[in-house]
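Engineer: Structure below; questions to follow.
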Amino acid sequence: MKKLYRSKSDKKLTGLLGGVGEYMKVDPTVLRLLFLVLAVFTGFFPGVFFYILGALVVPEEPKSAKKS
């Protein structure tokens, strides 16, 4: 079973969007751009709030996690 982790190798801030990109097999740069657009057009609150919440809830990638 595939699990969602914050990325250790592809991180700019917390690794959350890098981990989501790995999980969804989507380029994390695209996710970062979409997040930026969402944050700007919603007045920063919902996007930044959920990003911080996700960074606190999603665990960091363990050393033994396999790359697929």
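In the structure tokens, the first chain shown is A, the next is B, and so on; residue numbers restart at 1 for each chain, and ligands run from 1 in the order shown.
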Could you give me, as a PyMOL selection string, the residues within 6 Å of A:Tyr5, counting only C-alpha atoms and dropping anything in the same chain fewer than 6 positions from it?
Structural biologist: chain A and resi 19+58-61
Engineer: Leaving out stretch 32-42 of chain A and any residue of its chain fewer than 3 positions from it, which residues lie within 10 Å of it when counting only C-alpha atoms, given as a list in words?
Structural biologist: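 Once the adjacent positions are removed, what remains is Lys12, Leu16, Leu17, Gly18, Gly21, Asp27, Pro28, Thr29, Phe45, Pro46, Gly47, Val48, Phe49 and Tyr51 of chain A.
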Engineer: Restricting the output to C-alpha atoms, write the selected residues as a CSV table (one decimal), in the first residue's frame.
Structural biologist:
chain,number,residue,atom,x,y,z
A,12,LYS,CA,11.5,23.7,-0.9
A,16,LEU,CA,4.7,18.5,1.6
A,17,LEU,CA,4.1,19.3,-2.1
A,18,GLY,CA,7.1,17.2,-3.1
A,21,GLY,CA,3.8,15.0,-6.2
A,27,ASP,CA,5.5,17.1,-11.2
A,28,PRO,CA,5.9,18.9,-7.8
A,29,THR,CA,6.6,22.1,-9.6
A,45,PHE,CA,-5.9,32.0,4.3
A,46,PRO,CA,-7.4,28.7,3.1
A,47,GLY,CA,-4.3,27.6,1.1
A,48,VAL,CA,-1.7,28.6,3.6
A,49,PHE,CA,-3.8,27.2,6.5
A,51,TYR,CA,-0.5,23.7,3.8
Engineer: What is the distance between atom CA of A:Met1 and atom CA of A:Val26, in Å to one decimal?
Structural biologist: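 Spanning atom CA of A:Met1 to atom CA of A:Val26 is a straight-line distance of 18.3 Å.
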Engineer: One decimal, in Å: what's the spacing between atom CA of A:Phe44 and atom CA of A:Lys11?
Structural biologist: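 Atom CA of A:Phe44 sits 20.5 Å away from atom CA of A:Lys11.
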